file data-v1.txt (compact mmCIF, C-alpha atoms)
# COMPACT_ATOMS: atom_id res chain seq x y z
CA MET U 1 71.90 51.12 128.55
CA PHE U 2 72.50 49.20 131.82
CA ARG U 3 73.15 45.48 131.93
CA ILE U 4 71.28 43.49 134.54
CA LEU U 5 73.55 41.03 136.40
CA PRO U 6 72.25 37.55 137.28
CA LEU U 7 71.19 37.02 140.90
CA ASP U 8 73.79 34.32 141.57
CA ARG U 9 76.61 36.72 140.65
CA ILE U 10 75.19 39.34 142.96
CA HIS U 11 75.03 36.88 145.87
CA PHE U 12 78.60 35.74 145.16
CA GLY U 13 79.83 39.34 145.27
CA LYS U 14 78.10 39.95 148.59
CA ALA U 15 79.65 36.81 150.08
CA LEU U 16 83.09 37.84 148.83
CA LEU U 17 82.71 41.31 150.35
CA GLU U 18 81.64 39.78 153.69
CA GLU U 19 84.66 37.44 153.65
CA HIS U 20 87.08 40.28 153.00
CA GLY U 21 85.41 42.32 155.71
CA SER U 22 85.80 39.48 158.20
CA SER U 23 89.50 39.08 157.29
CA LEU U 24 90.08 42.81 157.70
CA HIS U 25 88.40 42.68 161.13
CA GLY U 26 90.57 39.74 162.18
CA LEU U 27 93.74 41.54 161.04
CA ALA U 28 92.69 44.62 162.97
CA THR U 29 92.18 42.51 166.12
CA GLN U 30 95.59 40.87 165.72
CA GLN U 31 97.20 44.28 165.23
CA GLN U 32 95.64 45.51 168.45
CA ALA U 33 96.88 42.43 170.32
CA LEU U 34 100.40 42.92 168.90
CA GLU U 35 100.37 46.56 169.91
CA LYS U 36 99.40 45.60 173.48
CA ARG U 37 102.13 42.95 173.53
CA GLN U 38 104.63 45.53 172.25
CA ASP U 39 103.64 47.90 175.05
CA LEU U 40 104.12 45.14 177.65
CA LEU U 41 107.55 44.25 176.24
CA ALA U 42 108.53 47.90 176.30
CA GLN U 43 107.49 48.11 179.96
CA GLU U 44 109.44 44.94 180.81
CA ALA U 45 112.48 46.30 178.95
CA GLN U 46 112.24 49.52 180.93
CA GLN U 47 112.04 47.55 184.21
CA ARG U 48 115.03 45.41 183.21
CA ASN U 49 117.00 48.55 182.38
CA LEU U 50 116.18 49.95 185.81
CA GLN U 51 117.21 46.68 187.47
CA LEU U 52 120.44 46.58 185.45
CA HIS U 53 121.18 50.17 186.44
CA GLU U 54 120.60 49.28 190.13
CA LEU U 55 122.80 46.17 189.87
CA ARG U 56 125.59 48.23 188.30
CA ARG U 57 125.30 50.74 191.12
CA GLU U 58 125.49 47.94 193.72
CA HIS U 59 128.42 46.40 191.88
CA ARG U 60 130.33 49.67 191.97
CA LYS U 61 129.62 49.99 195.69
CA LEU U 62 130.71 46.38 196.39
CA LEU U 63 133.85 46.89 194.31
CA LYS U 64 134.65 50.02 196.31
CA ASP U 65 134.06 48.12 199.58
CA PHE U 66 136.25 45.28 198.35
CA HIS U 67 139.16 47.62 197.60
CA GLU U 68 138.76 49.27 200.98
CA LEU U 69 138.71 45.91 202.77
CA ARG U 70 141.75 44.74 200.83
CA ASP U 71 143.65 47.84 201.82
CA GLU U 72 142.58 47.39 205.45
CA TYR U 73 143.57 43.70 205.35
CA GLY U 74 146.97 44.60 203.94
CA ALA U 75 147.49 47.24 206.61
CA VAL U 76 146.46 44.85 209.42
CA ARG U 77 148.68 42.12 208.02
CA ASP U 78 151.64 44.50 207.85
CA CYS U 79 151.05 45.55 211.48
CA LEU U 80 150.76 41.95 212.69
CA THR U 81 153.82 40.87 210.71
CA ALA U 82 155.84 43.81 212.04
CA ALA U 83 154.81 42.86 215.59
CA ASN U 84 155.81 39.20 214.96
CA VAL U 85 152.24 38.09 215.70
CA VAL U 86 151.66 36.58 212.24
CA THR U 87 154.23 34.85 210.06
CA THR U 88 153.88 34.17 206.35
CA PRO U 89 154.07 30.33 206.67
CA ASN U 90 151.46 30.36 209.41
CA LEU U 91 149.18 32.58 207.34
CA CYS U 92 149.53 30.34 204.30
CA ARG U 93 148.74 27.29 206.41
CA HIS U 94 145.51 28.83 207.68
CA LEU U 95 144.52 29.97 204.19
CA SER U 96 145.02 26.45 202.84
CA ARG U 97 142.88 25.07 205.67
CA ARG U 98 140.05 27.43 204.70
CA ARG U 99 140.32 26.77 200.97
CA ALA U 100 140.66 22.97 201.21
CA PRO U 101 136.89 22.19 201.52
CA ARG U 102 136.15 24.07 198.29
CA VAL U 103 138.92 22.27 196.43
CA PHE U 104 137.82 18.93 197.92
CA LYS U 105 134.26 19.54 196.79
CA ARG U 106 135.39 20.23 193.22
CA ILE U 107 137.38 16.98 193.23
CA LEU U 108 134.38 14.97 194.43
CA GLU U 109 132.14 16.51 191.77
CA GLU U 110 134.21 14.67 189.14
CA PRO U 111 132.97 11.03 189.03
CA GLY U 112 136.35 9.64 187.98
CA LEU U 113 138.28 11.42 190.71
CA ALA U 114 135.60 10.56 193.28
CA MET U 115 135.89 6.87 192.33
CA VAL U 116 139.69 6.94 192.67
CA LEU U 117 139.44 8.64 196.06
CA GLY U 118 136.77 6.17 197.20
CA SER U 119 138.95 3.23 196.14
CA VAL U 120 141.83 4.57 198.23
CA MET U 121 139.66 5.40 201.26
CA GLY U 122 137.57 2.23 201.19
CA VAL U 123 133.81 1.79 201.29
CA MET U 124 133.32 2.35 205.03
CA SER U 125 135.34 5.56 205.14
CA SER U 126 133.53 6.80 202.04
CA MET U 127 130.16 6.11 203.64
CA ARG U 128 131.16 7.96 206.82
CA LEU U 129 132.46 10.90 204.80
CA ARG U 130 129.18 11.05 202.90
CA GLU U 131 127.23 11.13 206.17
CA THR U 132 129.34 13.76 207.90
CA ALA U 133 130.47 16.15 205.16
CA HIS U 134 128.32 18.39 202.97
CA VAL U 135 131.03 18.27 200.29
CA ALA U 136 130.53 14.55 199.58
CA ASP U 137 127.54 14.73 197.21
CA GLY U 138 129.72 13.59 194.30
CA LEU U 139 130.98 10.64 196.31
CA SER U 140 127.40 9.49 196.97
CA LYS U 141 126.79 9.07 193.24
CA CYS U 142 129.61 6.52 192.82
CA LEU U 143 129.14 4.72 196.15
CA GLY U 144 126.98 1.95 194.62
CA LEU U 145 129.62 1.14 191.99
CA LEU U 146 132.31 1.30 194.66
CA LYS U 147 130.49 -1.32 196.74
CA LYS U 148 130.36 -3.67 193.73
CA ARG U 149 134.05 -3.25 193.02
CA MET U 150 135.06 -3.60 196.67
CA PRO U 151 132.91 -6.28 198.36
CA PRO U 152 133.05 -6.44 202.18
CA ASP U 153 135.29 -8.81 204.09
CA ILE U 154 133.84 -11.97 205.67
CA TYR U 155 134.45 -12.33 209.42
CA VAL U 156 134.17 -15.76 211.09
CA LEU U 157 133.78 -15.66 214.86
CA GLY U 158 133.92 -18.23 217.63
CA GLY U 159 132.69 -21.82 217.33
CA LYS U 160 134.42 -24.97 218.51
CA ASN U 161 136.44 -27.81 217.01
CA ASP U 162 137.78 -31.23 217.88
CA SER U 163 140.40 -29.79 220.24
CA SER U 164 138.54 -26.93 221.94
CA PRO U 165 135.14 -26.67 223.69
CA ALA U 166 134.83 -23.01 222.68
CA LEU U 167 136.91 -20.62 220.59
CA CYS U 168 137.51 -16.89 220.82
CA ALA U 169 139.39 -16.81 217.50
CA VAL U 170 138.26 -14.43 214.75
CA GLU U 171 139.43 -14.72 211.16
CA CYS U 172 138.73 -12.48 208.17
CA PHE U 173 138.52 -13.41 204.47
CA SER U 174 139.02 -10.77 201.76
CA PRO U 175 137.10 -11.59 198.54
CA LEU U 176 139.33 -9.10 196.69
CA ARG U 177 142.62 -10.67 197.75
CA GLY U 178 141.28 -14.20 198.18
CA GLU U 179 143.15 -14.75 201.44
CA TRP U 180 142.55 -15.10 205.17
CA GLN U 181 144.07 -13.03 207.93
CA ALA U 182 143.87 -13.14 211.72
CA VAL U 183 141.85 -10.56 213.64
CA PRO U 184 142.13 -9.70 217.36
CA PRO U 185 140.20 -12.41 219.25
CA MET U 186 136.94 -11.86 221.09
CA ARG U 187 136.98 -11.17 224.81
CA VAL U 188 134.85 -14.30 225.45
CA SER U 189 135.21 -17.81 224.01
CA ARG U 190 131.88 -18.98 222.60
CA TYR U 191 130.20 -21.37 220.16
CA GLY U 192 126.60 -21.37 218.99
CA CYS U 193 126.82 -17.58 219.01
CA ALA U 194 125.26 -15.11 216.59
CA ALA U 195 126.77 -12.17 214.71
CA ALA U 196 125.50 -9.25 212.63
CA THR U 197 126.82 -6.02 211.15
CA LEU U 198 125.23 -2.75 212.26
CA ASN U 199 126.44 0.68 211.08
CA GLY U 200 129.71 -0.85 209.94
CA LEU U 201 130.42 -2.52 213.31
CA LEU U 202 130.39 -6.26 214.07
CA TYR U 203 128.18 -7.43 216.95
CA VAL U 204 128.57 -10.88 218.57
CA VAL U 205 126.06 -12.12 221.15
CA GLY U 206 125.27 -15.20 223.20
CA GLY U 207 126.61 -18.67 222.61
CA HIS U 208 127.99 -21.28 224.96
CA ASP U 209 131.39 -21.48 226.65
CA GLY U 210 131.28 -25.24 227.18
CA GLN U 211 129.61 -25.01 230.58
CA LYS U 212 126.71 -22.59 230.31
CA ALA U 213 124.75 -20.42 227.90
CA LEU U 214 126.06 -16.85 227.68
CA ALA U 215 124.34 -13.48 227.91
CA SER U 216 127.45 -11.48 227.02
CA ALA U 217 127.68 -9.25 223.97
CA GLU U 218 130.61 -7.48 222.38
CA ARG U 219 131.31 -5.23 219.41
CA PHE U 220 134.22 -5.00 216.96
CA ASP U 221 135.25 -1.95 214.93
CA PRO U 222 136.95 -3.18 211.71
CA THR U 223 138.52 0.23 211.02
CA VAL U 224 140.54 0.32 214.26
CA LYS U 225 140.46 -3.47 214.92
CA LYS U 226 139.35 -3.17 218.54
CA TRP U 227 136.73 -4.98 220.63
CA SER U 228 134.48 -3.33 223.21
CA ARG U 229 132.16 -4.93 225.73
CA LEU U 230 128.41 -4.24 225.64
CA PRO U 231 125.71 -4.67 228.29
CA ASP U 232 124.67 -8.30 228.73
CA MET U 233 121.47 -9.53 227.12
CA PRO U 234 118.59 -10.00 229.57
CA THR U 235 118.40 -13.68 228.51
CA PRO U 236 121.39 -16.04 228.17
CA ARG U 237 121.12 -18.16 225.02
CA SER U 238 123.02 -20.26 222.51
CA ARG U 239 122.15 -21.44 218.98
CA CYS U 240 120.45 -18.09 218.46
CA ALA U 241 120.39 -15.69 215.52
CA ALA U 242 121.16 -11.98 215.26
CA VAL U 243 119.87 -9.55 212.62
CA ALA U 244 120.36 -5.80 212.20
CA VAL U 245 117.25 -3.89 211.13
CA LYS U 246 116.86 -0.10 210.90
CA GLY U 247 119.74 0.78 213.17
CA ARG U 248 119.04 -1.78 215.92
CA LEU U 249 120.25 -5.30 216.67
CA HIS U 250 117.64 -8.08 217.06
CA VAL U 251 118.52 -11.36 218.81
CA LEU U 252 116.01 -14.18 218.47
CA GLY U 253 115.50 -17.87 219.14
CA GLY U 254 118.03 -20.19 220.70
CA ARG U 255 117.87 -22.00 224.02
CA ALA U 256 119.11 -21.32 227.53
CA GLU U 257 118.43 -24.69 229.23
CA SER U 258 120.48 -27.83 229.29
CA ARG U 259 119.81 -30.67 226.88
CA LEU U 260 117.93 -32.57 229.58
CA THR U 261 115.11 -30.02 229.78
CA SER U 262 112.51 -29.22 227.16
CA PRO U 263 113.27 -25.98 225.31
CA GLN U 264 111.27 -22.86 226.13
CA ALA U 265 110.46 -20.06 223.73
CA LEU U 266 112.88 -17.24 224.53
CA PRO U 267 111.89 -13.59 224.11
CA THR U 268 113.22 -11.67 221.14
CA GLU U 269 115.53 -8.94 222.40
CA ARG U 270 116.55 -5.73 220.67
CA PHE U 271 119.63 -3.57 221.32
CA ASP U 272 119.72 0.14 220.51
CA PRO U 273 123.32 1.43 220.10
CA ARG U 274 122.18 5.01 220.74
CA THR U 275 120.88 4.25 224.25
CA CYS U 276 123.05 1.16 224.83
CA LYS U 277 120.01 -0.66 226.25
CA TRP U 278 118.22 -3.95 225.57
CA GLU U 279 114.47 -4.19 225.00
CA ALA U 280 112.32 -7.33 225.33
CA LEU U 281 110.03 -8.20 222.39
CA PRO U 282 107.60 -11.08 221.71
CA ALA U 283 109.17 -14.54 221.50
CA MET U 284 108.98 -16.77 218.45
CA PRO U 285 105.67 -18.74 218.53
CA LEU U 286 107.61 -22.02 218.36
CA ALA U 287 110.64 -22.83 220.48
CA PRO U 288 113.52 -23.71 218.14
CA LEU U 289 116.40 -25.95 219.10
CA GLY U 290 118.55 -23.68 216.98
CA CYS U 291 117.90 -21.15 214.26
CA ALA U 292 119.37 -19.01 211.53
CA ALA U 293 117.89 -15.73 210.35
CA ALA U 294 118.25 -13.03 207.71
CA GLU U 295 116.78 -9.62 206.99
CA LEU U 296 114.92 -8.76 203.80
CA LYS U 297 113.45 -5.29 203.24
CA GLY U 298 113.11 -4.54 206.94
CA THR U 299 111.58 -7.93 207.84
CA ILE U 300 113.30 -10.78 209.71
CA TYR U 301 112.99 -14.37 208.43
CA ALA U 302 114.00 -17.05 210.94
CA VAL U 303 114.54 -20.71 210.08
CA GLY U 304 114.89 -23.30 212.81
CA VAL U 305 113.93 -26.68 214.20
CA ASN U 306 111.17 -27.13 216.75
CA ALA U 307 111.16 -29.53 219.72
CA ASP U 308 109.53 -32.22 217.55
CA ARG U 309 112.43 -31.92 215.02
CA SER U 310 110.24 -30.23 212.39
CA MET U 311 111.62 -27.27 210.45
CA ILE U 312 109.83 -23.95 210.85
CA VAL U 313 110.03 -20.60 209.11
CA GLU U 314 108.85 -17.61 211.13
CA VAL U 315 108.57 -13.98 210.04
CA PHE U 316 109.01 -11.05 212.43
CA ASP U 317 107.88 -7.50 211.69
CA PRO U 318 110.09 -5.20 213.83
CA ALA U 319 107.77 -2.22 213.34
CA ALA U 320 104.64 -4.03 214.56
CA CYS U 321 106.56 -6.44 216.88
CA THR U 322 104.52 -9.39 215.59
CA TRP U 323 105.42 -12.92 214.49
CA SER U 324 103.75 -14.93 211.73
CA ALA U 325 104.33 -18.35 210.15
CA ARG U 326 105.67 -18.79 206.65
CA ALA U 327 104.64 -21.74 204.49
CA PRO U 328 105.63 -23.91 202.75
CA VAL U 329 108.94 -24.83 204.36
CA PRO U 330 112.03 -26.46 202.85
CA ARG U 331 112.92 -30.09 203.45
CA HIS U 332 113.30 -30.80 207.15
CA ARG U 333 116.76 -30.76 208.70
CA PHE U 334 118.51 -28.99 211.58
CA GLY U 335 121.76 -27.08 211.87
CA VAL U 336 121.19 -25.08 208.66
CA ALA U 337 122.90 -21.82 207.70
CA ALA U 338 120.94 -18.93 206.22
CA ALA U 339 121.61 -15.56 204.57
CA SER U 340 119.76 -13.18 202.24
CA VAL U 341 121.08 -12.34 198.78
CA ALA U 342 119.36 -10.04 196.27
CA GLY U 343 115.87 -10.34 197.72
CA SER U 344 115.95 -14.08 198.36
CA LEU U 345 116.49 -16.21 201.48
CA TYR U 346 119.09 -18.96 201.09
CA ILE U 347 119.27 -22.06 203.35
CA ALA U 348 122.21 -24.43 203.10
CA GLY U 349 123.49 -27.63 204.69
CA GLY U 350 122.08 -29.16 207.87
CA HIS U 351 121.51 -32.64 209.29
CA ASN U 352 118.52 -34.78 208.33
CA GLY U 353 118.73 -36.99 211.44
CA GLN U 354 120.98 -39.57 209.79
CA LYS U 355 123.78 -37.60 208.17
CA ALA U 356 124.95 -34.16 207.20
CA VAL U 357 123.56 -32.91 203.88
CA ALA U 358 124.74 -30.45 201.23
CA GLU U 359 121.32 -29.19 200.13
CA LEU U 360 120.82 -25.56 199.07
CA GLU U 361 117.38 -24.02 198.78
CA ARG U 362 116.21 -20.53 197.98
CA CYS U 363 112.99 -18.75 198.86
CA ASP U 364 112.17 -15.94 196.43
CA LEU U 365 109.85 -13.63 198.35
CA ARG U 366 108.78 -11.93 195.14
CA LYS U 367 107.16 -15.22 194.10
CA GLN U 368 104.93 -15.63 197.14
CA GLY U 369 107.52 -17.60 199.10
CA HIS U 370 108.21 -20.35 196.56
CA TRP U 371 111.11 -22.59 197.59
CA GLU U 372 113.52 -23.54 194.80
CA GLN U 373 116.07 -26.33 195.02
CA LEU U 374 119.53 -25.27 193.78
CA PRO U 375 122.75 -27.20 193.08
CA PRO U 376 124.01 -28.73 196.36
CA ALA U 377 127.22 -27.51 197.97
CA PRO U 378 130.39 -29.49 197.22
CA SER U 379 130.62 -30.47 200.92
CA ALA U 380 127.91 -31.85 203.20
CA ARG U 381 127.87 -30.20 206.64
CA HIS U 382 125.78 -28.92 209.51
CA GLY U 383 126.50 -26.25 212.13
CA SER U 384 128.15 -24.06 209.51
CA ALA U 385 127.97 -20.27 209.17
CA ALA U 386 126.67 -18.29 206.23
CA ALA U 387 127.20 -14.73 205.00
CA ALA U 388 126.34 -12.64 201.95
CA ALA U 389 128.83 -10.35 200.22
CA GLY U 390 129.11 -8.93 196.73
CA GLY U 391 125.91 -10.67 195.60
CA SER U 392 127.23 -14.13 196.54
CA PHE U 393 126.36 -16.66 199.26
CA TYR U 394 129.22 -17.90 201.45
CA LEU U 395 129.11 -21.20 203.40
CA ILE U 396 131.82 -21.50 206.05
CA GLY U 397 133.03 -24.26 208.35
CA GLY U 398 130.68 -26.82 209.87
CA ASP U 399 130.74 -30.45 210.93
CA ASP U 400 130.41 -33.75 209.04
CA GLY U 401 131.64 -35.98 211.85
CA LYS U 402 134.63 -33.73 212.44
CA SER U 403 135.13 -29.99 212.39
CA LEU U 404 135.65 -28.53 208.92
CA ALA U 405 137.69 -25.66 207.52
CA THR U 406 135.93 -25.77 204.18
CA VAL U 407 134.73 -22.50 202.62
CA GLU U 408 132.51 -22.42 199.53
CA ARG U 409 130.84 -19.60 197.61
CA PHE U 410 127.66 -19.83 195.53
CA ASP U 411 127.02 -17.47 192.59
CA PRO U 412 123.22 -16.97 192.24
CA MET U 413 123.54 -15.71 188.67
CA LEU U 414 125.56 -18.67 187.37
CA LYS U 415 124.10 -21.14 189.91
CA ARG U 416 127.57 -22.46 190.49
CA TRP U 417 129.72 -23.23 193.56
CA VAL U 418 133.38 -22.22 193.93
CA THR U 419 135.72 -23.63 196.57
CA LEU U 420 137.74 -20.94 198.34
CA PRO U 421 140.89 -21.09 200.52
CA PRO U 422 140.07 -22.96 203.75
CA LEU U 423 139.70 -21.45 207.19
CA PRO U 424 142.98 -21.22 209.12
CA THR U 425 141.07 -22.70 212.07
CA GLY U 426 138.53 -25.41 211.31
CA ARG U 427 135.35 -24.99 213.36
CA PHE U 428 131.59 -25.49 213.63
CA GLY U 429 128.92 -23.66 215.59
CA CYS U 430 130.59 -20.42 214.53
CA ALA U 431 129.04 -17.15 213.39
CA ALA U 432 129.80 -15.07 210.29
CA ALA U 433 129.09 -11.55 209.12
CA ALA U 434 130.29 -9.23 206.34
CA ALA U 435 131.75 -5.78 207.01
CA TRP U 436 133.98 -3.22 205.30
CA ALA U 437 137.21 -2.29 207.02
call {"tool": "encode", "arguments": {"input": "data-v1.txt", "output": "structure tokens"}}
result
Amino acid sequence: MFRILPLDRIHFGKALLEEHGSSLHGLATQQQALEKRQDLLAQEAQQRNLQLHELRREHRKLLKDFHELRDEYGAVRDCLTAANVVTTPNLCRHLSRRRAPRVFKRILEEPGLAMVLGSVMGVMSSMRLRETAHVADGLSKCLGLLKKRMPPDIYVLGGKNDSSPALCAVECFSPLRGEWQAVPPMRVSRYGCAAATLNGLLYVVGGHDGQKALASAERFDPTVKKWSRLPDMPTPRSRCAAVAVKGRLHVLGGRAESRLTSPQALPTERFDPRTCKWEALPAMPLAPLGCAAAELKGTIYAVGVNADRSMIVEVFDPAACTWSARAPVPRHRFGVAAASVAGSLYIAGGHNGQKAVAELERCDLRKQGHWEQLPPAPSARHGSAAAAAGGSFYLIGGDDGKSLATVERFDPMLKRWVTLPPLPTGRFGCAAAAAWA
């Protein structure tokens, strides 16, 4: 007799059979995909075998050509040696000359060796090697650290003192050695001049020789320690400022008239070393009696005193050739020194109309131009020069009733002043700039 199964067991069996059927179908699909993949891999393997066979054939041909060329080279060398055209020392010298770039490149690819070589060569020579040689990629990687370890020298140029109406003396301070040394003097004696570093060269413009404002300009190469004369500026001026921006020198502000006449706004003038020509640009909106300036991220910030003895801060965009005012301004005084350090504009010293002051203020441009008062310099002065090197602010020379030789350095991180060895020649109305020798 047959047993009759319950309906729920029959349905369960059907569902189980359908599940197994679906799994079998999925496995069959996967097997087909694997077989196709296996066929593709077999085709790729066959192509690779053909390529390998072709490469081996080319290798055999190149090896044969190499042996033939070596034999020909040996035969030619024997002929030239026998004819006394080529000598072994001369041949070795030429081979070394050809192999040297490859060896040099391998040396520079090692960071430690590149740093040692850069320390021996100096920052300026390393920068020029990086720009001119394709083998200097390794040197570029350590150039930033090299600049921190070897800060540039500070050059002080011109000015006047109690015994001279105008000086041509130039003196150089080494932050590494902590000592001063004399540099060949300028061609022209001048005070109230301006200086800037462009492409590793020092530029000095304008000033006063004790009788008239000057239009002369000259350039100093620290690597060879030689001066060269440049074309005169279109406008004579003293108490001006000079700033290098994007490969060109900008001279701004200052005055050309005598003290008896009211000052006129002088045009900004730009010098291009590639064409050796001056170009006239818009003048500062206000006519300063004297100014200091610094460059920050391609923009020029000028600080000076207007005819009514009020301090002004003007901003010049070299790309658009436009001026704009900057507010607020620091406490009013004239004869200040200015330099930019780590994205901030520093203003030091000056005269408040009654006496020389030692004030130091900083404008952080990342904080919408907020002026911050910092610890004052150890010495009050006006007519001093300022420079930035190695992340520090240097304040040099000046006047407090007599010409000063005082040199002080401010550390922005520690907010602390350090007194350095004095100038060999005390002076005020001088210019300063930093450059690597």
call {"tool": "closest_residue", "arguments": {"input": "data-v1.txt", "among": "U:Asp232, U:Glu179, U:Glu295, U:Glu54", "to": "Val204 (chain U)", "atoms": "all atoms listed in the file"}}
result
U:Asp232
call {"tool": "atom_distance", "arguments": {"input": "data-v1.txt", "atom1": "CA of Pro152 (chain U)", "atom2": "CA of Ala389 (chain U)"}}
result
6.1 Å
call {"tool": "residues_around", "arguments": {"input": "data-v1.txt", "residues": "Ser216 (chain U)", "least_positions_apart": "3", "cutoff": "10 Å", "atoms": "all atoms listed in the file", "output": "ChimeraX atom specification"}}
result
/U:187-188,190,204-207,213,229-237
call {"tool": "atom_distance", "arguments": {"input": "data-v1.txt", "atom1": "CA of His208 (chain U)", "atom2": "CA of Glu359 (chain U)"}}
result
26.9 Å
call {"tool": "atom_distance", "arguments": {"input": "data-v1.txt", "atom1": "CA of Arg331 (chain U)", "atom2": "CA of Tyr346 (chain U)"}}
result
12.9 Å
call {"tool": "closest_residue", "arguments": {"input": "data-v1.txt", "among": "U:Cys240, U:Ala195, U:Ala358, U:Gly391", "to": "Arg149 (chain U)", "atoms": "only C-alpha atoms"}}
result
U:Gly391
call {"tool": "closest_residue", "arguments": {"input": "data-v1.txt", "among": "U:Val418, U:Ala320, U:Leu286, U:Ile154", "to": "Glu171 (chain U)", "atoms": "all atoms listed in the file"}}
result
U:Ile154
call {"tool": "residues_near_point", "arguments": {"input": "data-v1.txt", "point": "(122.5, -21.2, 217.4)", "cutoff": "9 Å", "atoms": "only C-alpha atoms", "output": "list in words"}}
result
Tyr191, Gly192, Cys193, Ala194, Gly206, Gly207, Arg237, Ser238, Arg239, Cys240, Ala241, Gly253, Gly254, Arg255, Leu289, Gly290, Cys291, Ala292, Gly335, Gly383, Gly429, Cys430 and Ala431 of chain U
call {"tool": "residues_near_point", "arguments": {"input": "data-v1.txt", "point": "(104.6, -12.4, 209.2)", "cutoff": "9 Å", "atoms": "only C-alpha atoms", "output": "ChimeraX atom specification"}}
result
/U:299-301,314-317,322-326
call {"tool": "write_last_selection", "arguments": {"input": "data-v1.txt", "atoms": "C-alpha atoms", "output": "PDB file, keeping the file's coordinate frame"}}
result
ATOM      1  CA  THR U 299     111.580  -7.930 207.840  1.00  0.00           C
ATOM      2  CA  ILE U 300     113.300 -10.780 209.710  1.00  0.00           C
ATOM      3  CA  TYR U 301     112.990 -14.370 208.430  1.00  0.00           C
ATOM      4  CA  GLU U 314     108.850 -17.610 211.130  1.00  0.00           C
ATOM      5  CA  VAL U 315     108.570 -13.980 210.040  1.00  0.00           C
ATOM      6  CA  PHE U 316     109.010 -11.050 212.430  1.00  0.00           C
ATOM      7  CA  ASP U 317     107.880  -7.500 211.690  1.00  0.00           C
ATOM      8  CA  THR U 322     104.520  -9.390 215.590  1.00  0.00           C
ATOM      9  CA  TRP U 323     105.420 -12.920 214.490  1.00  0.00           C
ATOM     10  CA  SER U 324     103.750 -14.930 211.730  1.00  0.00           C
ATOM     11  CA  ALA U 325     104.330 -18.350 210.150  1.00  0.00           C
ATOM     12  CA  ARG U 326     105.670 -18.790 206.650  1.00  0.00           C
TER      13      ARG U 326
END
call {"tool": "residues_around", "arguments": {"input": "data-v1.txt", "residues": "His250 (chain U)", "least_positions_apart": "6", "cutoff": "10 Å", "atoms": "all atoms listed in the file", "output": "VMD selection string"}}
result
chain U and resid 196 241 to 244 268 to 272 278 to 281 300 318
call {"tool": "closest_residue", "arguments": {"input": "data-v1.txt", "among": "U:Leu201, U:Leu52, U:Leu143, U:Ala302", "to": "Asp221 (chain U)", "atoms": "all atoms listed in the file"}}
result
U:Leu201
